[in-house]
Amino acid sequence: MADKPYQNKAKRGKYDEKPKKGRTHLTGPPLTKEFKEQEDRNLLELLTKRKIENSVKLSVQNGSFDSTCYVVFAANYFAKSIKGDVFIPAEISLAEFSLKTGLLKTYHSLVNPKVLPYGNKYDAQVHCSNTHKLPLPPNALGEENLSKLYVAIMNFAKNEATGEYRPLYVKEDSLYIAKAILAYMKNDFNDSHITLEVYPIQHLFHIMKESACKIGELSLPSSLSIQSVFYRDNYAYHVGLSCEYHENIDRSNYCAKSIASRMCFKFTEYMAPDVAIKIIKGRHIPHDVAPSFEVIEPRPFKPTRKQDKIFKKEKDEED
Ligand SMILES: [Zn+2]
């Protein structure tokens, strides 16, 4: 009998052979790989949130809730690679705060990466003119030595008392960009085995507000209300918070220094009163802003002439 490989295979049916790979898109990697990556991302997010919760909890337990300092990071970029995994930094800033002291210190630098990846110039021009308006390389301003900047960031993040590197808190929608910018700068700095951790600031905001209300024995606002306070950017156009360059071109809302400082003020203005800390101008709020919760003494009532006539008339009628 002649060998009939195709017929024999057809008789066995198509179900006895398991696919060697997972399902795929028309092009691209197997879906199982994407699911796995998504699962890893979810797990990392969960672990990060757990770390934030634990650190706040610990500060409450050891009585240092109001004096614990947090580091905030903000950055601007010129361009991103076509794959979207590399971001070329344009400006970086760090700010440190605690509820007790308010905004303690800031660090800021414009970044001059000297070159842009080939082919990215148009996208970079559009992005920059719509946001921070910093001149593109080769005319970029600021520090050219990226390792020096990375060392400055590490020094800022370092807890002098313990020698540990504190996490950098950034806006949740900028997590990926911040990590990519730090990785880009670290690349130039060969000696470091330390990777700075980057955490979502919104979660810290939420957890700290919860703790502040518990300490102050206050009722807890809804999650939505806490979230809306975070996104209310009161000082986006406030003069005096941004770097000189952005102040001069009236683009302070996009300045990394202003963004970092504004994030600190969000915490201190919203939560310091919960734990009975008096708001100090320039520390808990910008120096020329009146505290929003300040009790204003009512002015003595002085009736206008018209009101005076009406009162007299009413009095005469009563008599
Ligand atoms: Zn700036």
# chains A, B, ... in the order shown; residues from 1 in each chain; ligands from 1
call {"tool": "residues_around", "arguments": {"residues": "segment 221-233 of chain A", "least_positions_apart": "2", "cutoff": "12 Å", "atoms": "only C-alpha atoms", "output": "number ranges by chain"}}
result
A: 171-172, 201-214, 218-219, 235-238, 253-254, 258-271, 274
call {"tool": "residues_near_ligand", "arguments": {"ligand": "ligand 1", "cutoff": "6 Å", "atoms": "only C-alpha atoms and all ligand atoms", "output": "list in words"}}
result
Ser242, Cys243, Tyr245, His246, Cys255, Ala256 and Lys257 of chain A
call {"tool": "write_last_selection", "arguments": {"atoms": "N, CA and C atoms", "output": "mmCIF file, in the first residue's frame"}}
result
data_model
loop_
_atom_site.group_PDB
_atom_site.id
_atom_site.type_symbol
_atom_site.label_atom_id
_atom_site.label_comp_id
_atom_site.auth_asym_id
_atom_site.auth_seq_id
_atom_site.Cartn_x
_atom_site.Cartn_y
_atom_site.Cartn_z
ATOM 1 N N SER A 242 8.693 78.816 38.447
ATOM 2 C CA SER A 242 9.420 78.151 37.355
ATOM 3 C C SER A 242 10.848 78.670 37.222
ATOM 4 N N CYS A 243 11.600 78.077 36.303
ATOM 5 C CA CYS A 243 12.975 78.507 36.070
ATOM 6 C C CYS A 243 12.965 79.833 35.301
ATOM 7 N N TYR A 245 14.198 80.670 32.430
ATOM 8 C CA TYR A 245 13.887 80.560 31.002
ATOM 9 C C TYR A 245 12.368 80.554 30.797
ATOM 10 N N HIS A 246 11.683 79.692 31.542
ATOM 11 C CA HIS A 246 10.233 79.571 31.352
ATOM 12 C C HIS A 246 9.465 80.775 31.908
ATOM 13 N N CYS A 255 7.007 74.185 32.916
ATOM 14 C CA CYS A 255 8.361 74.095 33.469
ATOM 15 C C CYS A 255 8.455 72.953 34.488
ATOM 16 N N ALA A 256 9.500 72.134 34.372
ATOM 17 C CA ALA A 256 9.670 70.987 35.276
ATOM 18 C C ALA A 256 9.805 71.448 36.726
ATOM 19 N N LYS A 257 10.488 72.586 36.922
ATOM 20 C CA LYS A 257 10.689 73.087 38.286
ATOM 21 C C LYS A 257 9.342 73.495 38.908
#
call {"tool": "select_by_dssp", "arguments": {"residues": "segment 74-290 of chain A", "states": "helix (DSSP H, G or I)", "output": "PyMOL selection string"}}
result
chain A and resi 121-130+146-157+172-187+201-215+223-231+244-248+252-254+256-275
call {"tool": "residues_around", "arguments": {"residues": "segment 131-139 of chain A", "least_positions_apart": "5", "cutoff": "9 Å", "atoms": "only C-alpha atoms", "output": "VMD selection string"}}
result
chain A and resid 76 to 78 90 to 91 110 112 to 116 121 124 to 126 245 to 246 249 251 to 256
call {"tool": "write_last_selection", "arguments": {"atoms": "N, CA and C atoms", "output": "PDB file, in the first residue's frame"}}
result
ATOM      1  N   ASN A  76      11.043  67.264  31.399  1.00  0.00           N
ATOM      2  CA  ASN A  76      10.565  67.512  30.041  1.00  0.00           C
ATOM      3  C   ASN A  76      11.498  66.813  29.070  1.00  0.00           C
ATOM      4  N   TYR A  77      10.972  66.464  27.912  1.00  0.00           N
ATOM      5  CA  TYR A  77      11.829  65.809  26.919  1.00  0.00           C
ATOM      6  C   TYR A  77      11.720  66.504  25.565  1.00  0.00           C
ATOM      7  N   PHE A  78      12.788  66.294  24.758  1.00  0.00           N
ATOM      8  CA  PHE A  78      12.804  66.853  23.403  1.00  0.00           C
ATOM      9  C   PHE A  78      12.095  65.915  22.425  1.00  0.00           C
ATOM     10  N   ALA A  90      15.138  67.153  28.275  1.00  0.00           N
ATOM     11  CA  ALA A  90      15.316  68.577  27.973  1.00  0.00           C
ATOM     12  C   ALA A  90      15.439  69.398  29.260  1.00  0.00           C
ATOM     13  N   GLU A  91      14.782  68.938  30.317  1.00  0.00           N
ATOM     14  CA  GLU A  91      14.779  69.677  31.580  1.00  0.00           C
ATOM     15  C   GLU A  91      14.411  68.713  32.711  1.00  0.00           C
ATOM     16  N   LEU A 110      18.414  72.615  33.102  1.00  0.00           N
ATOM     17  CA  LEU A 110      18.086  72.385  31.692  1.00  0.00           C
ATOM     18  C   LEU A 110      19.096  71.368  31.199  1.00  0.00           C
ATOM     19  N   ASN A 112      21.209  69.593  27.948  1.00  0.00           N
ATOM     20  CA  ASN A 112      21.623  69.694  26.546  1.00  0.00           C
ATOM     21  C   ASN A 112      22.200  68.348  26.086  1.00  0.00           C
ATOM     22  N   PRO A 113      21.356  67.524  25.440  1.00  0.00           N
ATOM     23  CA  PRO A 113      21.850  66.198  25.023  1.00  0.00           C
ATOM     24  C   PRO A 113      22.703  66.258  23.741  1.00  0.00           C
ATOM     25  N   LYS A 114      22.922  67.453  23.218  1.00  0.00           N
ATOM     26  CA  LYS A 114      23.772  67.728  22.047  1.00  0.00           C
ATOM     27  C   LYS A 114      23.194  67.245  20.713  1.00  0.00           C
ATOM     28  N   VAL A 115      22.671  66.029  20.664  1.00  0.00           N
ATOM     29  CA  VAL A 115      22.104  65.517  19.393  1.00  0.00           C
ATOM     30  C   VAL A 115      20.717  64.927  19.620  1.00  0.00           C
ATOM     31  N   LEU A 116      19.980  64.823  18.511  1.00  0.00           N
ATOM     32  CA  LEU A 116      18.689  64.128  18.557  1.00  0.00           C
ATOM     33  C   LEU A 116      18.796  62.902  17.659  1.00  0.00           C
ATOM     34  N   LYS A 121      13.387  64.930  14.180  1.00  0.00           N
ATOM     35  CA  LYS A 121      13.401  66.375  14.358  1.00  0.00           C
ATOM     36  C   LYS A 121      12.010  67.016  14.231  1.00  0.00           C
ATOM     37  N   ALA A 124       9.938  66.276  17.266  1.00  0.00           N
ATOM     38  CA  ALA A 124      10.510  67.001  18.397  1.00  0.00           C
ATOM     39  C   ALA A 124      10.086  68.469  18.344  1.00  0.00           C
ATOM     40  N   GLN A 125      10.133  69.046  17.138  1.00  0.00           N
ATOM     41  CA  GLN A 125       9.752  70.462  16.994  1.00  0.00           C
ATOM     42  C   GLN A 125       8.297  70.681  17.388  1.00  0.00           C
ATOM     43  N   VAL A 126       7.429  69.784  16.928  1.00  0.00           N
ATOM     44  CA  VAL A 126       6.000  69.904  17.238  1.00  0.00           C
ATOM     45  C   VAL A 126       5.792  69.773  18.745  1.00  0.00           C
ATOM     46  N   TYR A 245      14.198  80.670  32.430  1.00  0.00           N
ATOM     47  CA  TYR A 245      13.887  80.560  31.002  1.00  0.00           C
ATOM     48  C   TYR A 245      12.368  80.554  30.797  1.00  0.00           C
ATOM     49  N   HIS A 246      11.683  79.692  31.542  1.00  0.00           N
ATOM     50  CA  HIS A 246      10.233  79.571  31.352  1.00  0.00           C
ATOM     51  C   HIS A 246       9.465  80.775  31.908  1.00  0.00           C
ATOM     52  N   ILE A 249       9.617  83.392  29.086  1.00  0.00           N
ATOM     53  CA  ILE A 249       8.778  83.178  27.888  1.00  0.00           C
ATOM     54  C   ILE A 249       7.321  82.880  28.272  1.00  0.00           C
ATOM     55  N   ARG A 251       5.923  80.522  30.088  1.00  0.00           N
ATOM     56  CA  ARG A 251       5.548  79.125  29.848  1.00  0.00           C
ATOM     57  C   ARG A 251       5.717  78.323  31.155  1.00  0.00           C
ATOM     58  N   SER A 252       5.431  78.980  32.259  1.00  0.00           N
ATOM     59  CA  SER A 252       5.735  78.368  33.554  1.00  0.00           C
ATOM     60  C   SER A 252       4.929  77.098  33.821  1.00  0.00           C
ATOM     61  N   ASN A 253       3.731  76.995  33.220  1.00  0.00           N
ATOM     62  CA  ASN A 253       2.923  75.801  33.491  1.00  0.00           C
ATOM     63  C   ASN A 253       3.596  74.517  33.012  1.00  0.00           C
ATOM     64  N   TYR A 254       4.487  74.631  31.994  1.00  0.00           N
ATOM     65  CA  TYR A 254       5.179  73.443  31.473  1.00  0.00           C
ATOM     66  C   TYR A 254       6.561  73.239  32.090  1.00  0.00           C
ATOM     67  N   CYS A 255       7.007  74.185  32.916  1.00  0.00           N
ATOM     68  CA  CYS A 255       8.361  74.095  33.469  1.00  0.00           C
ATOM     69  C   CYS A 255       8.455  72.953  34.488  1.00  0.00           C
ATOM     70  N   ALA A 256       9.500  72.134  34.372  1.00  0.00           N
ATOM     71  CA  ALA A 256       9.670  70.987  35.276  1.00  0.00           C
ATOM     72  C   ALA A 256       9.805  71.448  36.726  1.00  0.00           C
TER      73      ALA A 256
END
call {"tool": "closest_residue", "arguments": {"among": "A:Asn120, A:Asn190, A:Thr162, A:Ser174", "to": "Ser147 of chain A", "atoms": "only C-alpha atoms"}}
result
A:Asn190
call {"tool": "atom_distance", "arguments": {"atom1": "atom CA of Asn145 of chain A", "atom2": "atom CA of Val198 of chain A"}}
result
22.2 Å
call {"tool": "select_by_dssp", "arguments": {"residues": "segment 40-238 of chain A", "states": "strand (DSSP E or B)", "output": "PDB file with C-alpha atoms, in the first residue's frame"}}
result
ATOM      1  CA  TYR A  70       9.304  62.847  50.063  1.00  0.00           C
ATOM      2  CA  VAL A  71      11.097  63.531  46.802  1.00  0.00           C
ATOM      3  CA  VAL A  72       9.163  64.646  43.720  1.00  0.00           C
ATOM      4  CA  PHE A  73      10.587  64.416  40.203  1.00  0.00           C
ATOM      5  CA  ALA A  74       9.459  66.180  37.020  1.00  0.00           C
ATOM      6  CA  ALA A  75      11.045  66.275  33.579  1.00  0.00           C
ATOM      7  CA  ASN A  76      10.565  67.512  30.041  1.00  0.00           C
ATOM      8  CA  TYR A  77      11.829  65.809  26.919  1.00  0.00           C
ATOM      9  CA  PHE A  78      12.804  66.853  23.403  1.00  0.00           C
ATOM     10  CA  ALA A  79      11.988  63.684  21.503  1.00  0.00           C
ATOM     11  CA  LYS A  80      11.251  60.003  21.808  1.00  0.00           C
ATOM     12  CA  PHE A  87      13.190  59.739  25.700  1.00  0.00           C
ATOM     13  CA  ILE A  88      15.754  62.507  25.198  1.00  0.00           C
ATOM     14  CA  PRO A  89      15.696  64.790  28.265  1.00  0.00           C
ATOM     15  CA  ALA A  90      15.316  68.577  27.973  1.00  0.00           C
ATOM     16  CA  GLU A  91      14.779  69.677  31.580  1.00  0.00           C
ATOM     17  CA  ILE A  92      14.747  67.975  34.984  1.00  0.00           C
ATOM     18  CA  SER A  93      13.712  69.080  38.433  1.00  0.00           C
ATOM     19  CA  LEU A  94      13.410  67.611  41.926  1.00  0.00           C
ATOM     20  CA  ALA A  95      11.648  68.940  44.984  1.00  0.00           C
ATOM     21  CA  GLU A  96      11.534  67.721  48.572  1.00  0.00           C
ATOM     22  CA  PHE A  97       8.729  68.322  51.042  1.00  0.00           C
ATOM     23  CA  SER A  98       7.237  67.214  54.311  1.00  0.00           C
ATOM     24  CA  GLY A 102       6.498  72.331  53.487  1.00  0.00           C
ATOM     25  CA  LEU A 103       8.649  72.658  50.378  1.00  0.00           C
ATOM     26  CA  LEU A 104      12.199  72.194  51.678  1.00  0.00           C
ATOM     27  CA  LYS A 105      14.422  72.457  48.611  1.00  0.00           C
ATOM     28  CA  THR A 106      14.469  72.103  44.854  1.00  0.00           C
ATOM     29  CA  TYR A 107      16.975  71.101  42.199  1.00  0.00           C
ATOM     30  CA  HIS A 108      16.665  72.145  38.575  1.00  0.00           C
ATOM     31  CA  SER A 109      18.648  71.898  35.382  1.00  0.00           C
ATOM     32  CA  LEU A 110      18.086  72.385  31.692  1.00  0.00           C
ATOM     33  CA  VAL A 111      19.610  69.499  29.736  1.00  0.00           C
ATOM     34  CA  GLU A 143      24.085  70.836  31.248  1.00  0.00           C
ATOM     35  CA  LYS A 158      19.782  60.012  49.120  1.00  0.00           C
ATOM     36  CA  TYR A 165      17.971  56.172  48.100  1.00  0.00           C
ATOM     37  CA  LEU A 168      11.113  59.569  43.194  1.00  0.00           C
ATOM     38  CA  TYR A 169       7.429  60.402  42.997  1.00  0.00           C
ATOM     39  CA  VAL A 170       6.058  61.425  39.620  1.00  0.00           C
ATOM     40  CA  VAL A 198       9.941  55.768  40.481  1.00  0.00           C
ATOM     41  CA  TYR A 199       6.518  55.712  42.163  1.00  0.00           C
ATOM     42  CA  PRO A 200       3.113  57.174  41.237  1.00  0.00           C
TER      43      PRO A 200
END
call {"tool": "atom_distance", "arguments": {"atom1": "atom CA of Leu43 of chain A", "atom2": "atom CA of His193 of chain A"}}
result
23.5 Å
call {"tool": "decode", "arguments": {"residues": "segment 126-225 of chain A", "atoms": "C-alpha atoms", "output": "PDB file, in the first residue's frame"}}
result
ATOM      1  CA  VAL A 126       6.000  69.904  17.238  1.00  0.00           C
ATOM      2  CA  HIS A 127       6.238  68.491  20.765  1.00  0.00           C
ATOM      3  CA  CYS A 128       8.530  71.267  22.030  1.00  0.00           C
ATOM      4  CA  SER A 129       6.589  74.148  20.506  1.00  0.00           C
ATOM      5  CA  ASN A 130       3.371  72.748  22.020  1.00  0.00           C
ATOM      6  CA  THR A 131       4.872  72.352  25.474  1.00  0.00           C
ATOM      7  CA  HIS A 132       8.089  73.652  27.061  1.00  0.00           C
ATOM      8  CA  LYS A 133       9.463  75.599  24.062  1.00  0.00           C
ATOM      9  CA  LEU A 134      13.099  74.851  24.858  1.00  0.00           C
ATOM     10  CA  PRO A 135      15.460  75.228  21.871  1.00  0.00           C
ATOM     11  CA  LEU A 136      16.283  71.909  20.215  1.00  0.00           C
ATOM     12  CA  PRO A 137      19.798  70.432  20.008  1.00  0.00           C
ATOM     13  CA  PRO A 138      22.300  71.513  18.817  1.00  0.00           C
ATOM     14  CA  ASN A 139      21.072  74.859  20.232  1.00  0.00           C
ATOM     15  CA  ALA A 140      19.800  73.332  23.473  1.00  0.00           C
ATOM     16  CA  LEU A 141      20.615  75.064  26.744  1.00  0.00           C
ATOM     17  CA  GLY A 142      21.935  73.687  30.007  1.00  0.00           C
ATOM     18  CA  GLU A 143      24.085  70.836  31.248  1.00  0.00           C
ATOM     19  CA  GLU A 144      25.746  68.603  28.650  1.00  0.00           C
ATOM     20  CA  ASN A 145      27.202  66.111  31.101  1.00  0.00           C
ATOM     21  CA  LEU A 146      24.400  63.638  31.707  1.00  0.00           C
ATOM     22  CA  SER A 147      26.314  61.570  34.284  1.00  0.00           C
ATOM     23  CA  LYS A 148      26.747  64.723  36.332  1.00  0.00           C
ATOM     24  CA  LEU A 149      22.978  65.203  36.269  1.00  0.00           C
ATOM     25  CA  TYR A 150      22.369  61.593  37.258  1.00  0.00           C
ATOM     26  CA  VAL A 151      24.753  61.984  40.214  1.00  0.00           C
ATOM     27  CA  ALA A 152      22.901  65.160  41.229  1.00  0.00           C
ATOM     28  CA  ILE A 153      19.595  63.269  41.151  1.00  0.00           C
ATOM     29  CA  MET A 154      21.071  60.424  43.218  1.00  0.00           C
ATOM     30  CA  ASN A 155      22.467  62.873  45.775  1.00  0.00           C
ATOM     31  CA  PHE A 156      19.111  64.576  46.053  1.00  0.00           C
ATOM     32  CA  ALA A 157      17.315  61.252  46.512  1.00  0.00           C
ATOM     33  CA  LYS A 158      19.782  60.012  49.120  1.00  0.00           C
ATOM     34  CA  ASN A 159      18.600  59.988  52.701  1.00  0.00           C
ATOM     35  CA  GLU A 160      21.593  61.397  54.569  1.00  0.00           C
ATOM     36  CA  ALA A 161      20.590  59.715  57.822  1.00  0.00           C
ATOM     37  CA  THR A 162      20.177  56.177  56.493  1.00  0.00           C
ATOM     38  CA  GLY A 163      22.230  56.281  53.288  1.00  0.00           C
ATOM     39  CA  GLU A 164      19.272  54.819  51.380  1.00  0.00           C
ATOM     40  CA  TYR A 165      17.971  56.172  48.100  1.00  0.00           C
ATOM     41  CA  ARG A 166      14.414  57.414  48.413  1.00  0.00           C
ATOM     42  CA  PRO A 167      11.950  56.767  45.602  1.00  0.00           C
ATOM     43  CA  LEU A 168      11.113  59.569  43.194  1.00  0.00           C
ATOM     44  CA  TYR A 169       7.429  60.402  42.997  1.00  0.00           C
ATOM     45  CA  VAL A 170       6.058  61.425  39.620  1.00  0.00           C
ATOM     46  CA  LYS A 171       2.625  61.891  38.071  1.00  0.00           C
ATOM     47  CA  GLU A 172       1.143  58.533  37.133  1.00  0.00           C
ATOM     48  CA  ASP A 173       0.837  59.420  33.447  1.00  0.00           C
ATOM     49  CA  SER A 174       4.538  60.376  33.384  1.00  0.00           C
ATOM     50  CA  LEU A 175       5.854  57.219  35.083  1.00  0.00           C
ATOM     51  CA  TYR A 176       7.034  55.593  31.891  1.00  0.00           C
ATOM     52  CA  ILE A 177       8.652  58.799  30.565  1.00  0.00           C
ATOM     53  CA  ALA A 178      10.403  59.513  33.887  1.00  0.00           C
ATOM     54  CA  LYS A 179      11.814  55.974  34.017  1.00  0.00           C
ATOM     55  CA  ALA A 180      13.017  56.245  30.410  1.00  0.00           C
ATOM     56  CA  ILE A 181      14.648  59.657  31.026  1.00  0.00           C
ATOM     57  CA  LEU A 182      16.432  58.374  34.132  1.00  0.00           C
ATOM     58  CA  ALA A 183      17.591  55.283  32.238  1.00  0.00           C
ATOM     59  CA  TYR A 184      18.902  57.514  29.432  1.00  0.00           C
ATOM     60  CA  MET A 185      20.947  59.598  31.863  1.00  0.00           C
ATOM     61  CA  LYS A 186      22.116  56.566  33.799  1.00  0.00           C
ATOM     62  CA  ASN A 187      23.424  55.087  30.577  1.00  0.00           C
ATOM     63  CA  ASP A 188      26.095  57.767  30.520  1.00  0.00           C
ATOM     64  CA  PHE A 189      27.007  56.983  34.097  1.00  0.00           C
ATOM     65  CA  ASN A 190      28.715  53.604  33.982  1.00  0.00           C
ATOM     66  CA  ASP A 191      29.673  53.298  37.640  1.00  0.00           C
ATOM     67  CA  SER A 192      26.208  53.109  39.135  1.00  0.00           C
ATOM     68  CA  HIS A 193      24.505  49.867  40.052  1.00  0.00           C
ATOM     69  CA  ILE A 194      21.777  51.806  41.773  1.00  0.00           C
ATOM     70  CA  THR A 195      18.480  52.155  39.997  1.00  0.00           C
ATOM     71  CA  LEU A 196      16.289  54.835  41.461  1.00  0.00           C
ATOM     72  CA  GLU A 197      12.727  53.725  42.000  1.00  0.00           C
ATOM     73  CA  VAL A 198       9.941  55.768  40.481  1.00  0.00           C
ATOM     74  CA  TYR A 199       6.518  55.712  42.163  1.00  0.00           C
ATOM     75  CA  PRO A 200       3.113  57.174  41.237  1.00  0.00           C
ATOM     76  CA  ILE A 201       2.480  60.324  43.266  1.00  0.00           C
ATOM     77  CA  GLN A 202      -1.309  60.076  43.064  1.00  0.00           C
ATOM     78  CA  HIS A 203      -1.289  56.969  45.248  1.00  0.00           C
ATOM     79  CA  LEU A 204       0.915  58.668  47.856  1.00  0.00           C
ATOM     80  CA  PHE A 205      -1.497  61.638  47.785  1.00  0.00           C
ATOM     81  CA  HIS A 206      -4.452  59.377  48.441  1.00  0.00           C
ATOM     82  CA  ILE A 207      -2.814  57.317  51.190  1.00  0.00           C
ATOM     83  CA  MET A 208      -1.404  60.378  52.957  1.00  0.00           C
ATOM     84  CA  LYS A 209      -4.783  62.144  52.916  1.00  0.00           C
ATOM     85  CA  GLU A 210      -6.389  59.055  54.452  1.00  0.00           C
ATOM     86  CA  SER A 211      -3.768  58.973  57.207  1.00  0.00           C
ATOM     87  CA  ALA A 212      -3.934  62.742  57.810  1.00  0.00           C
ATOM     88  CA  CYS A 213      -7.714  62.537  58.287  1.00  0.00           C
ATOM     89  CA  LYS A 214      -7.362  59.585  60.673  1.00  0.00           C
ATOM     90  CA  ILE A 215      -4.733  61.432  62.735  1.00  0.00           C
ATOM     91  CA  GLY A 216      -6.794  64.626  62.760  1.00  0.00           C
ATOM     92  CA  GLU A 217      -9.976  62.614  63.514  1.00  0.00           C
ATOM     93  CA  LEU A 218     -11.659  64.127  60.491  1.00  0.00           C
ATOM     94  CA  SER A 219     -14.111  62.520  58.115  1.00  0.00           C
ATOM     95  CA  LEU A 220     -12.425  61.202  54.995  1.00  0.00           C
ATOM     96  CA  PRO A 221     -13.349  62.860  51.695  1.00  0.00           C
ATOM     97  CA  SER A 222     -14.441  60.559  48.873  1.00  0.00           C
ATOM     98  CA  SER A 223     -11.776  59.152  46.531  1.00  0.00           C
ATOM     99  CA  LEU A 224     -13.238  61.286  43.772  1.00  0.00           C
ATOM    100  CA  SER A 225     -12.904  64.423  45.854  1.00  0.00           C
TER     101      SER A 225
END
